[in-house]
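Let me begin by presenting the structure, written as structure tokens, before commenting on it.
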Amino acid sequence: MTAPRKPAAFRIEPEAETRQQRQEAPGARQAEPPRKPRAMKADVALVIPAEIDVFGEPDMITAEPPPAIGSRKRSLLGSIFFGAMGVLVSLAVGLWTDQLIRDLFARAEWLGWLAAGMAATAVLALAVILIREFLAIARLVEVEKLQKRALDAIARDDPKAARSVVDELSAFVAAKPETAAGRRALAELRGEIIDGGNLVRLAEAEILGPLDARAKVMILEAAKRVSLVTAVSPRALVDVAYVVFEAGRLIRRLSELYGGRPGTLGFFRLARSVLAHLAVTGSIAVGDSFVQQIVGHGLAARLSAKLGEGVVNGMMTARIGIAAMETARPLPFSAAKRPGLGDFLSALTSFAARKDTETTGAGK
């Protein structure tokens, strides 16, 4: 058996070229001429802070183009135009009411007092309606701000910001009995969670979990109604009208489910936000992937032409419902999975196939 080798030390002599370079380096640095000043381009600037390695790649800052002046002028002119027209219409209505009351006083005094009382009642009712609409719009704006603050708290993992978001969320959905258990559980575990992102995710799962389950049921029910009505309707115009009606109803119900309570003006604002969300995500139309899913599952052979068209319309309603759910939800999807069309496809096609079987059996 060979004995183990004892450790030994070796001396490494530096190469002559390397030693010579070390000796010549200070002199080379001293002999290097100073750099001449240069002009940089206006749209590109090289920033090299002193704190970073100068041998690394410098950061490049590209000047952003200024906003278009024409669009700003158009929006300003449009606001001035509609504002001036609103003032003129208000003055016209006021002068017409004043003249009507004067004429009624000239005809009979009790008619004049009756008209004056009705005008005062109308003004008071209009003021109450406007206050309610402004409060509804303020709640929708609060939802948008809460979503942005939640995303910021998760990105920065800020515990203080996360606690503020959770408190505001609890106050926002306090009127919903489905969230009572989640709010109570979150209050018990709040002091044990240090990370801000985990606190927001826990609040999303505990507080919004029951509301999300109810929202999915509402979307599926609306999709079933649309698929059934459009399958039996004889006119395409009736199909379009019912899809629009059911989509608007679904948007309002989802907003009320999450605590939005939109009024008339708030509903239009919410519908515009839903359409903008659909346009951004590119899901406003039924794409080829959905058609491939239907054909791949063999559903096209089992459904009649009208019921197949009803399923497509129902899935379109489900798309609108998913977009409305994301828009009206106080927190963005972080801990919970965002619902997709696959969550509703199987239930909707099973419903359509059952209705098709019932219709065929009744016809025989």
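By order in the structure tokens, chains are A, B, ...; within a chain, residues start at 1; ligands start at 1, following the order shown.
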
Could you pull out the alpha helix (DSSP H) residues of stretch 183-347 of chain A, going by DSSP on the backbone, and write them as a ChimeraX atom specification? /A:183-189,196-207,209-232,236-257,264-281,288-296,299-302,305-328,342-347

Which residues are close to stretch 257-271 of chain A, i.e. within 10 Å by only C-alpha atoms, leaving aside same-chain residues fewer than 5 positions away? Reply as a compact mmCIF listing (two decimals) with all heavy atoms, in the first residue's frame.
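Dumped to around37.txt:
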```
# COMPACT_ATOMS: atom_id res chain seq x y z
N ILE A 129 -80.15 63.05 -6.62
CA ILE A 129 -79.67 62.11 -7.63
C ILE A 129 -78.20 62.38 -7.97
O ILE A 129 -77.38 61.45 -8.07
CB ILE A 129 -80.54 62.19 -8.90
CG1 ILE A 129 -81.94 61.64 -8.61
CG2 ILE A 129 -79.91 61.43 -10.05
CD1 ILE A 129 -82.92 61.83 -9.74
N LEU A 130 -77.84 63.64 -8.12
CA LEU A 130 -76.45 63.98 -8.44
C LEU A 130 -75.51 63.59 -7.31
O LEU A 130 -74.40 63.10 -7.55
CB LEU A 130 -76.34 65.47 -8.74
CG LEU A 130 -77.00 65.95 -10.04
CD1 LEU A 130 -76.86 67.46 -10.19
CD2 LEU A 130 -76.39 65.23 -11.24
N ARG A 132 -75.94 61.15 -5.15
CA ARG A 132 -75.80 59.69 -5.19
C ARG A 132 -74.90 59.25 -6.34
O ARG A 132 -74.09 58.33 -6.18
CB ARG A 132 -77.17 59.04 -5.33
CG ARG A 132 -78.06 59.20 -4.10
CD ARG A 132 -79.40 58.52 -4.30
NE ARG A 132 -79.24 57.09 -4.54
CZ ARG A 132 -80.24 56.27 -4.80
NH1 ARG A 132 -81.49 56.75 -4.90
NH2 ARG A 132 -80.03 54.99 -5.00
N GLU A 133 -75.02 59.89 -7.48
CA GLU A 133 -74.16 59.53 -8.61
C GLU A 133 -72.70 59.85 -8.32
O GLU A 133 -71.80 59.05 -8.64
CB GLU A 133 -74.62 60.26 -9.87
CG GLU A 133 -75.98 59.82 -10.39
CD GLU A 133 -75.98 58.39 -10.87
OE1 GLU A 133 -74.91 57.89 -11.26
OE2 GLU A 133 -77.05 57.75 -10.87
N PHE A 134 -72.45 60.99 -7.71
CA PHE A 134 -71.07 61.35 -7.38
C PHE A 134 -70.48 60.39 -6.34
O PHE A 134 -69.30 60.02 -6.43
CB PHE A 134 -71.02 62.80 -6.86
CG PHE A 134 -71.23 63.82 -7.93
CD1 PHE A 134 -71.86 65.03 -7.65
CD2 PHE A 134 -70.82 63.59 -9.24
CE1 PHE A 134 -72.07 65.98 -8.64
CE2 PHE A 134 -71.02 64.53 -10.24
CZ PHE A 134 -71.65 65.73 -9.94
N LEU A 135 -71.29 59.98 -5.36
CA LEU A 135 -70.82 59.01 -4.38
C LEU A 135 -70.53 57.65 -5.04
O LEU A 135 -69.54 56.99 -4.69
CB LEU A 135 -71.84 58.85 -3.27
CG LEU A 135 -72.03 60.05 -2.34
CD1 LEU A 135 -73.13 59.77 -1.32
CD2 LEU A 135 -70.73 60.40 -1.63
N ALA A 136 -71.38 57.25 -5.98
CA ALA A 136 -71.14 55.99 -6.68
C ALA A 136 -69.85 56.04 -7.51
O ALA A 136 -69.06 55.09 -7.52
CB ALA A 136 -72.33 55.66 -7.58
N ILE A 137 -69.64 57.16 -8.19
CA ILE A 137 -68.41 57.31 -8.97
C ILE A 137 -67.20 57.33 -8.05
O ILE A 137 -66.14 56.78 -8.36
CB ILE A 137 -68.49 58.57 -9.83
CG1 ILE A 137 -69.57 58.41 -10.91
CG2 ILE A 137 -67.15 58.87 -10.48
CD1 ILE A 137 -69.78 59.64 -11.76
N ALA A 138 -67.35 57.96 -6.87
CA ALA A 138 -66.24 58.00 -5.92
C ALA A 138 -65.88 56.60 -5.43
O ALA A 138 -64.70 56.28 -5.23
CB ALA A 138 -66.60 58.89 -4.73
N ARG A 139 -66.88 55.72 -5.25
CA ARG A 139 -66.58 54.35 -4.85
C ARG A 139 -65.87 53.59 -5.95
O ARG A 139 -64.97 52.78 -5.69
CB ARG A 139 -67.87 53.63 -4.46
CG ARG A 139 -68.49 54.11 -3.16
CD ARG A 139 -69.69 53.27 -2.77
NE ARG A 139 -69.31 51.92 -2.40
CZ ARG A 139 -68.92 51.55 -1.18
NH1 ARG A 139 -68.84 52.44 -0.22
NH2 ARG A 139 -68.60 50.29 -0.94
N LEU A 140 -66.23 53.83 -7.20
CA LEU A 140 -65.52 53.18 -8.30
C LEU A 140 -64.07 53.67 -8.39
O LEU A 140 -63.16 52.89 -8.65
CB LEU A 140 -66.25 53.45 -9.61
CG LEU A 140 -67.65 52.84 -9.75
CD1 LEU A 140 -68.27 53.21 -11.09
CD2 LEU A 140 -67.61 51.33 -9.58
N VAL A 141 -63.88 54.96 -8.18
CA VAL A 141 -62.52 55.49 -8.17
C VAL A 141 -61.72 54.91 -7.01
O VAL A 141 -60.52 54.63 -7.13
CB VAL A 141 -62.56 57.03 -8.10
CG1 VAL A 141 -61.17 57.61 -7.92
CG2 VAL A 141 -63.21 57.61 -9.36
N GLU A 142 -62.40 54.71 -5.87
CA GLU A 142 -61.74 54.10 -4.72
C GLU A 142 -61.28 52.68 -5.03
O GLU A 142 -60.21 52.25 -4.60
CB GLU A 142 -62.68 54.10 -3.52
CG GLU A 142 -62.06 53.59 -2.23
CD GLU A 142 -63.03 53.63 -1.07
OE1 GLU A 142 -64.16 54.14 -1.27
OE2 GLU A 142 -62.67 53.15 0.02
N VAL A 143 -62.08 51.93 -5.79
CA VAL A 143 -61.68 50.58 -6.20
C VAL A 143 -60.43 50.62 -7.06
O VAL A 143 -59.49 49.84 -6.87
CB VAL A 143 -62.84 49.89 -6.94
CG1 VAL A 143 -62.37 48.59 -7.58
CG2 VAL A 143 -63.99 49.61 -5.99
N PHE A 172 -64.24 48.58 3.08
CA PHE A 172 -64.97 48.66 1.82
C PHE A 172 -66.01 47.56 1.71
O PHE A 172 -67.11 47.78 1.18
CB PHE A 172 -63.99 48.60 0.65
CG PHE A 172 -64.60 48.89 -0.69
CD1 PHE A 172 -64.81 50.20 -1.09
CD2 PHE A 172 -64.97 47.87 -1.53
CE1 PHE A 172 -65.38 50.47 -2.32
CE2 PHE A 172 -65.54 48.14 -2.77
CZ PHE A 172 -65.74 49.44 -3.16
N VAL A 173 -65.68 46.35 2.18
CA VAL A 173 -66.60 45.21 2.05
C VAL A 173 -67.23 44.85 3.40
O VAL A 173 -67.69 43.72 3.58
CB VAL A 173 -65.87 43.99 1.46
CG1 VAL A 173 -65.39 44.27 0.06
CG2 VAL A 173 -64.71 43.57 2.35
N ALA A 174 -67.26 45.81 4.33
CA ALA A 174 -67.81 45.51 5.66
C ALA A 174 -69.29 45.18 5.62
O ALA A 174 -69.80 44.46 6.48
CB ALA A 174 -67.56 46.70 6.59
N ALA A 175 -70.01 45.71 4.62
CA ALA A 175 -71.44 45.46 4.53
C ALA A 175 -71.77 44.09 3.94
O ALA A 175 -72.95 43.71 3.91
CB ALA A 175 -72.11 46.54 3.68
N LYS A 176 -70.79 43.34 3.48
CA LYS A 176 -71.01 42.03 2.88
C LYS A 176 -70.90 40.94 3.95
O LYS A 176 -69.83 40.75 4.54
CB LYS A 176 -69.99 41.76 1.76
CG LYS A 176 -70.08 42.74 0.61
CD LYS A 176 -71.38 42.60 -0.12
CE LYS A 176 -71.52 43.58 -1.25
NZ LYS A 176 -72.82 43.44 -1.94
N LEU A 208 -61.86 38.05 -0.11
CA LEU A 208 -62.47 38.03 -1.43
C LEU A 208 -62.75 36.64 -1.97
O LEU A 208 -63.37 36.51 -3.02
CB LEU A 208 -61.57 38.78 -2.43
CG LEU A 208 -61.34 40.26 -2.14
CD1 LEU A 208 -60.50 40.88 -3.24
CD2 LEU A 208 -62.66 41.01 -2.00
N LEU A 211 -66.53 35.94 -2.27
CA LEU A 211 -67.10 36.80 -3.31
C LEU A 211 -66.70 36.32 -4.70
O LEU A 211 -67.50 36.38 -5.64
CB LEU A 211 -66.66 38.24 -3.09
CG LEU A 211 -67.08 38.89 -1.77
CD1 LEU A 211 -66.61 40.35 -1.72
CD2 LEU A 211 -68.59 38.82 -1.59
N ASP A 212 -65.47 35.83 -4.84
CA ASP A 212 -65.03 35.30 -6.13
C ASP A 212 -65.84 34.07 -6.53
O ASP A 212 -66.21 33.90 -7.70
CB ASP A 212 -63.54 34.94 -6.07
CG ASP A 212 -62.66 36.17 -5.95
OD1 ASP A 212 -63.13 37.28 -6.26
OD2 ASP A 212 -61.50 36.03 -5.51
N ARG A 214 -68.90 33.38 -5.63
CA ARG A 214 -70.23 33.85 -6.02
C ARG A 214 -70.19 34.53 -7.38
O ARG A 214 -71.13 34.37 -8.20
CB ARG A 214 -70.76 34.83 -4.96
CG ARG A 214 -72.12 35.42 -5.27
CD ARG A 214 -73.15 34.36 -5.45
NE ARG A 214 -74.45 34.92 -5.83
CZ ARG A 214 -75.41 34.21 -6.39
NH1 ARG A 214 -75.24 32.92 -6.63
NH2 ARG A 214 -76.56 34.78 -6.71
N ALA A 215 -69.13 35.26 -7.69
CA ALA A 215 -69.01 35.92 -8.99
C ALA A 215 -68.93 34.90 -10.12
O ALA A 215 -69.54 35.09 -11.19
CB ALA A 215 -67.79 36.83 -9.00
N MET A 218 -72.40 33.65 -10.82
CA MET A 218 -73.18 34.65 -11.54
C MET A 218 -72.80 34.69 -13.01
O MET A 218 -73.66 34.81 -13.89
CB MET A 218 -72.99 36.02 -10.89
CG MET A 218 -73.57 36.12 -9.48
SD MET A 218 -73.06 37.62 -8.60
CE MET A 218 -73.68 38.87 -9.70
N ALA A 247 -75.23 41.41 -20.59
CA ALA A 247 -73.88 41.86 -20.24
C ALA A 247 -73.93 43.08 -19.31
O ALA A 247 -73.19 43.16 -18.32
CB ALA A 247 -73.08 42.19 -21.50
N GLY A 248 -74.82 44.04 -19.62
CA GLY A 248 -74.96 45.19 -18.74
C GLY A 248 -75.46 44.81 -17.37
O GLY A 248 -74.98 45.33 -16.34
N ARG A 249 -76.41 43.90 -17.32
CA ARG A 249 -76.92 43.43 -16.03
C ARG A 249 -75.84 42.72 -15.23
O ARG A 249 -75.72 42.90 -14.01
CB ARG A 249 -78.10 42.51 -16.28
CG ARG A 249 -78.76 41.98 -15.03
CD ARG A 249 -79.82 40.96 -15.40
NE ARG A 249 -80.42 40.37 -14.22
CZ ARG A 249 -81.19 39.30 -14.23
NH1 ARG A 249 -81.47 38.71 -15.40
NH2 ARG A 249 -81.71 38.82 -13.12
N ILE A 251 -72.55 43.18 -15.46
CA ILE A 251 -71.56 44.16 -14.99
C ILE A 251 -72.05 44.86 -13.73
O ILE A 251 -71.30 45.03 -12.75
CB ILE A 251 -71.27 45.17 -16.11
CG1 ILE A 251 -70.52 44.50 -17.26
CG2 ILE A 251 -70.46 46.35 -15.58
CD1 ILE A 251 -70.34 45.39 -18.48
N ARG A 252 -73.31 45.26 -13.72
CA ARG A 252 -73.86 45.94 -12.54
C ARG A 252 -73.90 44.99 -11.32
O ARG A 252 -73.55 45.39 -10.20
CB ARG A 252 -75.26 46.45 -12.84
CG ARG A 252 -75.93 47.17 -11.68
CD ARG A 252 -77.32 47.62 -12.05
NE ARG A 252 -77.28 48.68 -13.05
CZ ARG A 252 -77.13 49.97 -12.74
NH1 ARG A 252 -77.01 50.35 -11.48
NH2 ARG A 252 -77.11 50.87 -13.70
N ALA A 276 -62.61 48.86 -22.11
CA ALA A 276 -61.18 49.18 -22.25
C ALA A 276 -60.32 47.99 -21.82
O ALA A 276 -59.30 47.69 -22.45
CB ALA A 276 -60.85 50.41 -21.42
N HIS A 277 -60.74 47.29 -20.77
CA HIS A 277 -60.00 46.11 -20.33
C HIS A 277 -60.05 45.01 -21.39
O HIS A 277 -59.05 44.34 -21.65
CB HIS A 277 -60.58 45.60 -19.02
CG HIS A 277 -59.87 44.40 -18.47
ND1 HIS A 277 -58.67 44.48 -17.80
CD2 HIS A 277 -60.19 43.08 -18.50
CE1 HIS A 277 -58.29 43.28 -17.45
NE2 HIS A 277 -59.20 42.41 -17.86
N ILE A 320 -66.96 38.83 -21.09
CA ILE A 320 -67.32 40.14 -20.53
C ILE A 320 -67.41 40.06 -19.02
O ILE A 320 -66.98 40.97 -18.29
CB ILE A 320 -68.63 40.63 -21.15
CG1 ILE A 320 -68.47 40.83 -22.66
CG2 ILE A 320 -69.09 41.93 -20.50
CD1 ILE A 320 -69.75 41.20 -23.37
N ALA A 324 -65.34 42.20 -16.31
CA ALA A 324 -66.03 42.98 -15.29
C ALA A 324 -65.60 42.57 -13.89
O ALA A 324 -65.50 43.41 -12.99
CB ALA A 324 -67.55 42.81 -15.45
N MET A 325 -65.34 41.30 -13.70
CA MET A 325 -64.87 40.81 -12.40
C MET A 325 -63.52 41.42 -12.05
O MET A 325 -63.29 41.86 -10.91
CB MET A 325 -64.80 39.29 -12.44
CG MET A 325 -64.40 38.63 -11.15
SD MET A 325 -64.40 36.82 -11.34
CE MET A 325 -63.78 36.34 -9.71
N THR A 327 -62.34 44.22 -13.20
CA THR A 327 -62.47 45.67 -13.05
C THR A 327 -63.12 46.05 -11.73
O THR A 327 -62.70 47.01 -11.08
CB THR A 327 -63.29 46.24 -14.22
OG1 THR A 327 -62.70 45.84 -15.46
CG2 THR A 327 -63.34 47.75 -14.16
N ALA A 328 -64.15 45.31 -11.31
CA ALA A 328 -64.88 45.65 -10.09
C ALA A 328 -64.25 45.08 -8.84
O ALA A 328 -64.60 45.50 -7.74
CB ALA A 328 -66.32 45.14 -10.20
N ARG A 329 -63.32 44.16 -8.96
CA ARG A 329 -62.68 43.52 -7.80
C ARG A 329 -61.77 44.53 -7.09
O ARG A 329 -60.92 45.15 -7.72
CB ARG A 329 -61.87 42.32 -8.28
CG ARG A 329 -61.56 41.27 -7.24
CD ARG A 329 -60.97 40.07 -7.95
NE ARG A 329 -60.74 38.97 -7.05
CZ ARG A 329 -59.56 38.69 -6.49
NH1 ARG A 329 -58.51 39.44 -6.77
NH2 ARG A 329 -59.43 37.65 -5.68
N PRO A 330 -61.88 44.68 -5.76
CA PRO A 330 -61.05 45.67 -5.07
C PRO A 330 -59.56 45.37 -5.12
O PRO A 330 -58.75 46.29 -5.05
CB PRO A 330 -61.58 45.64 -3.63
CG PRO A 330 -62.95 45.06 -3.73
CD PRO A 330 -62.89 44.09 -4.87
```

Would you mind reading off the distance between atom CA of A:Ala116 and atom CA of A:Leu104, one decimal, in Å?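 Rounded to one decimal, the two atoms are 9.6 Å apart.
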
So which residues touch A:Phe333 within 10 Å, counting only C-alpha atoms, skipping near sequence neighbours fewer than 6 positions away, as a ChimeraX atom specification? /A:147,151,201,204-205,326,339

Which is closest to A:Lys224 among A:Leu348, A:Ala336, A:Leu126, A:Ala155, if we use only C-alpha atoms?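 The shortest atom-to-atom distance to A:Lys224 comes from A:Leu348.
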
What lies within 12 Å of stretch 187-196 of chain A using only C-alpha atoms, ignoring chain neighbours under 3 positions off, as a short mmCIF file (atom, residue, chain, number, x, y, z; two decimals) with all heavy atoms, in the first residue's frame?
```cif
data_model
loop_
_atom_site.label_atom_id
_atom_site.label_comp_id
_atom_site.auth_asym_id
_atom_site.auth_seq_id
_atom_site.Cartn_x
_atom_site.Cartn_y
_atom_site.Cartn_z
N ARG A 149 -52.78 50.55 -5.25
CA ARG A 149 -52.04 50.52 -4.00
C ARG A 149 -51.68 49.09 -3.60
O ARG A 149 -50.61 48.84 -3.04
CB ARG A 149 -52.86 51.18 -2.90
CG ARG A 149 -53.00 52.69 -3.05
CD ARG A 149 -53.91 53.26 -1.99
NE ARG A 149 -53.47 52.88 -0.66
CZ ARG A 149 -54.20 53.01 0.43
NH1 ARG A 149 -55.43 53.49 0.34
NH2 ARG A 149 -53.72 52.66 1.61
N ALA A 150 -52.56 48.14 -3.87
CA ALA A 150 -52.27 46.74 -3.57
C ALA A 150 -51.11 46.22 -4.42
O ALA A 150 -50.21 45.53 -3.92
CB ALA A 150 -53.51 45.88 -3.78
N LEU A 151 -51.12 46.56 -5.71
CA LEU A 151 -50.01 46.16 -6.57
C LEU A 151 -48.69 46.77 -6.11
O LEU A 151 -47.64 46.12 -6.11
CB LEU A 151 -50.30 46.57 -8.02
CG LEU A 151 -51.37 45.77 -8.76
CD1 LEU A 151 -51.64 46.38 -10.12
CD2 LEU A 151 -50.95 44.31 -8.90
N ASP A 152 -48.73 48.03 -5.69
CA ASP A 152 -47.52 48.70 -5.21
C ASP A 152 -47.03 48.07 -3.91
O ASP A 152 -45.83 47.87 -3.73
CB ASP A 152 -47.82 50.19 -5.01
CG ASP A 152 -46.59 50.95 -4.53
OD1 ASP A 152 -45.64 51.08 -5.31
OD2 ASP A 152 -46.59 51.40 -3.36
N ALA A 153 -47.95 47.73 -3.00
CA ALA A 153 -47.55 47.10 -1.74
C ALA A 153 -46.94 45.73 -1.97
O ALA A 153 -45.98 45.34 -1.30
CB ALA A 153 -48.76 47.00 -0.80
N ILE A 154 -47.49 44.97 -2.93
CA ILE A 154 -46.93 43.65 -3.23
C ILE A 154 -45.56 43.78 -3.89
O ILE A 154 -44.63 43.02 -3.59
CB ILE A 154 -47.91 42.86 -4.13
CG1 ILE A 154 -49.20 42.54 -3.37
CG2 ILE A 154 -47.27 41.57 -4.63
CD1 ILE A 154 -50.26 41.88 -4.22
N ALA A 155 -45.42 44.74 -4.80
CA ALA A 155 -44.14 44.91 -5.50
C ALA A 155 -43.03 45.34 -4.54
O ALA A 155 -41.90 44.86 -4.63
CB ALA A 155 -44.30 45.92 -6.63
N ARG A 156 -43.35 46.27 -3.63
CA ARG A 156 -42.33 46.76 -2.70
C ARG A 156 -42.25 45.94 -1.42
O ARG A 156 -41.34 46.15 -0.62
CB ARG A 156 -42.62 48.22 -2.36
CG ARG A 156 -42.51 49.17 -3.53
CD ARG A 156 -42.58 50.63 -3.11
NE ARG A 156 -43.87 50.99 -2.56
CZ ARG A 156 -44.09 51.29 -1.29
NH1 ARG A 156 -43.10 51.25 -0.42
NH2 ARG A 156 -45.31 51.61 -0.88
N ASP A 157 -43.22 45.04 -1.21
CA ASP A 157 -43.27 44.22 0.00
C ASP A 157 -43.23 45.11 1.25
O ASP A 157 -42.49 44.84 2.21
CB ASP A 157 -42.13 43.21 0.01
CG ASP A 157 -42.43 42.01 0.91
OD1 ASP A 157 -43.58 41.90 1.37
OD2 ASP A 157 -41.50 41.23 1.18
N ASP A 158 -44.06 46.15 1.23
CA ASP A 158 -44.08 47.14 2.29
C ASP A 158 -45.15 46.75 3.32
O ASP A 158 -46.34 46.75 2.99
CB ASP A 158 -44.39 48.52 1.69
CG ASP A 158 -44.23 49.63 2.71
OD1 ASP A 158 -43.97 49.33 3.90
OD2 ASP A 158 -44.35 50.81 2.35
N PRO A 159 -44.78 46.43 4.54
CA PRO A 159 -45.80 46.03 5.54
C PRO A 159 -46.75 47.16 5.90
O PRO A 159 -47.95 46.93 6.09
CB PRO A 159 -44.96 45.60 6.75
CG PRO A 159 -43.59 45.35 6.21
CD PRO A 159 -43.42 46.28 5.06
N LYS A 160 -46.25 48.38 6.01
CA LYS A 160 -47.10 49.50 6.38
C LYS A 160 -48.15 49.76 5.30
O LYS A 160 -49.35 49.95 5.60
CB LYS A 160 -46.25 50.75 6.59
CG LYS A 160 -47.03 51.95 7.09
CD LYS A 160 -46.11 53.12 7.36
CE LYS A 160 -46.91 54.33 7.85
NZ LYS A 160 -46.00 55.50 8.11
N ALA A 161 -47.73 49.79 4.04
CA ALA A 161 -48.68 49.99 2.95
C ALA A 161 -49.66 48.83 2.86
O ALA A 161 -50.85 49.02 2.56
CB ALA A 161 -47.93 50.16 1.63
N ALA A 162 -49.21 47.61 3.11
CA ALA A 162 -50.10 46.45 3.06
C ALA A 162 -51.16 46.52 4.15
O ALA A 162 -52.33 46.20 3.91
CB ALA A 162 -49.27 45.17 3.20
N ARG A 163 -50.80 46.94 5.34
CA ARG A 163 -51.79 47.07 6.42
C ARG A 163 -52.82 48.13 6.07
O ARG A 163 -54.02 47.97 6.35
CB ARG A 163 -51.10 47.41 7.73
CG ARG A 163 -50.21 46.29 8.27
CD ARG A 163 -49.74 46.58 9.67
NE ARG A 163 -48.79 45.58 10.13
CZ ARG A 163 -47.47 45.72 10.07
NH1 ARG A 163 -46.96 46.83 9.57
NH2 ARG A 163 -46.67 44.75 10.49
N SER A 164 -52.38 49.22 5.47
CA SER A 164 -53.32 50.26 5.05
C SER A 164 -54.29 49.73 3.99
O SER A 164 -55.49 50.00 4.03
CB SER A 164 -52.56 51.46 4.51
OG SER A 164 -53.45 52.45 4.03
N VAL A 165 -53.79 48.94 3.05
CA VAL A 165 -54.64 48.35 2.01
C VAL A 165 -55.65 47.38 2.62
O VAL A 165 -56.83 47.38 2.26
CB VAL A 165 -53.77 47.65 0.95
CG1 VAL A 165 -54.63 46.81 0.02
CG2 VAL A 165 -53.00 48.68 0.13
N VAL A 166 -55.19 46.56 3.55
CA VAL A 166 -56.08 45.58 4.18
C VAL A 166 -57.17 46.28 5.00
O VAL A 166 -58.35 45.88 4.96
CB VAL A 166 -55.26 44.62 5.05
CG1 VAL A 166 -56.17 43.73 5.89
CG2 VAL A 166 -54.36 43.77 4.18
N ASP A 167 -56.80 47.34 5.72
CA ASP A 167 -57.81 48.08 6.49
C ASP A 167 -58.85 48.72 5.58
O ASP A 167 -60.06 48.68 5.87
CB ASP A 167 -57.11 49.16 7.33
CG ASP A 167 -56.27 48.57 8.44
OD1 ASP A 167 -56.50 47.40 8.80
OD2 ASP A 167 -55.35 49.26 8.93
N SER A 170 -61.13 45.96 4.21
CA SER A 170 -62.09 45.50 5.20
C SER A 170 -63.23 46.49 5.39
O SER A 170 -64.39 46.10 5.52
CB SER A 170 -61.38 45.26 6.54
OG SER A 170 -60.35 44.28 6.40
N ALA A 180 -67.45 38.27 6.53
CA ALA A 180 -67.29 38.42 7.98
C ALA A 180 -66.27 37.44 8.54
O ALA A 180 -65.38 37.81 9.32
CB ALA A 180 -68.64 38.24 8.67
N ALA A 181 -66.36 36.18 8.13
CA ALA A 181 -65.41 35.17 8.63
C ALA A 181 -63.99 35.48 8.18
O ALA A 181 -63.04 35.34 8.97
CB ALA A 181 -65.83 33.78 8.16
N GLY A 182 -63.82 35.89 6.95
CA GLY A 182 -62.48 36.22 6.46
C GLY A 182 -61.89 37.42 7.17
O GLY A 182 -60.69 37.43 7.50
N ARG A 183 -62.69 38.44 7.40
CA ARG A 183 -62.19 39.63 8.11
C ARG A 183 -61.82 39.29 9.55
O ARG A 183 -60.84 39.80 10.09
CB ARG A 183 -63.24 40.73 8.06
CG ARG A 183 -63.37 41.38 6.69
CD ARG A 183 -64.31 42.56 6.68
NE ARG A 183 -65.70 42.14 6.64
CZ ARG A 183 -66.57 42.29 7.63
NH1 ARG A 183 -66.19 42.86 8.76
NH2 ARG A 183 -67.82 41.89 7.51
N ARG A 184 -62.60 38.42 10.19
CA ARG A 184 -62.28 38.02 11.56
C ARG A 184 -61.00 37.19 11.61
O ARG A 184 -60.14 37.40 12.49
CB ARG A 184 -63.46 37.23 12.13
CG ARG A 184 -63.29 36.85 13.59
CD ARG A 184 -64.59 36.34 14.18
NE ARG A 184 -65.15 35.23 13.41
CZ ARG A 184 -66.24 35.34 12.65
NH1 ARG A 184 -66.87 36.50 12.55
NH2 ARG A 184 -66.70 34.30 11.98
N LEU A 199 -49.30 39.55 3.36
CA LEU A 199 -50.48 40.06 4.04
C LEU A 199 -51.58 40.41 3.04
O LEU A 199 -52.76 40.10 3.26
CB LEU A 199 -50.11 41.29 4.87
CG LEU A 199 -51.24 41.93 5.68
CD1 LEU A 199 -51.82 40.93 6.66
CD2 LEU A 199 -50.74 43.17 6.40
N VAL A 200 -51.21 41.04 1.93
CA VAL A 200 -52.21 41.38 0.90
C VAL A 200 -52.77 40.11 0.27
O VAL A 200 -53.99 40.00 0.02
CB VAL A 200 -51.58 42.31 -0.16
CG1 VAL A 200 -52.57 42.57 -1.28
CG2 VAL A 200 -51.15 43.63 0.46
N ARG A 201 -51.92 39.13 0.02
CA ARG A 201 -52.40 37.87 -0.58
C ARG A 201 -53.33 37.12 0.38
O ARG A 201 -54.33 36.53 -0.05
CB ARG A 201 -51.21 37.00 -0.96
CG ARG A 201 -50.34 37.59 -2.06
CD ARG A 201 -49.26 36.62 -2.49
NE ARG A 201 -48.37 37.20 -3.48
CZ ARG A 201 -47.21 37.77 -3.18
NH1 ARG A 201 -46.79 37.81 -1.92
NH2 ARG A 201 -46.45 38.29 -4.12
N LEU A 202 -53.01 37.16 1.67
CA LEU A 202 -53.89 36.51 2.64
C LEU A 202 -55.24 37.21 2.71
O LEU A 202 -56.30 36.56 2.79
CB LEU A 202 -53.23 36.50 4.01
CG LEU A 202 -54.02 35.84 5.14
CD1 LEU A 202 -54.25 34.37 4.84
CD2 LEU A 202 -53.31 36.02 6.47
N ALA A 203 -55.23 38.54 2.65
CA ALA A 203 -56.49 39.28 2.65
C ALA A 203 -57.30 38.96 1.40
O ALA A 203 -58.54 38.83 1.47
CB ALA A 203 -56.20 40.79 2.73
N GLU A 206 -58.77 35.32 2.00
CA GLU A 206 -59.73 35.18 3.09
C GLU A 206 -60.97 36.04 2.89
O GLU A 206 -62.09 35.59 3.16
CB GLU A 206 -59.05 35.53 4.42
CG GLU A 206 -57.95 34.59 4.84
CD GLU A 206 -58.48 33.21 5.18
OE1 GLU A 206 -59.65 33.10 5.58
OE2 GLU A 206 -57.71 32.24 5.06
N ILE A 207 -60.78 37.27 2.41
CA ILE A 207 -61.91 38.20 2.32
C ILE A 207 -62.62 38.08 0.98
O ILE A 207 -63.86 38.01 0.93
CB ILE A 207 -61.43 39.65 2.55
CG1 ILE A 207 -60.85 39.78 3.97
CG2 ILE A 207 -62.56 40.64 2.36
CD1 ILE A 207 -60.31 41.16 4.29
#
```

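As for atom CA of A:Ser233 and atom CA of A:Asn313, they are spaced 12.4 Å apart.
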
Extract, using only C-alpha atoms, all DNA, RNA and protein residues at most 7 Å from A:Ser227, discarding same-chain residues fewer than 2 positions from it, and format them as a PyMOL selection string. chain A and resi 223-225+229-231+310-311+313-314
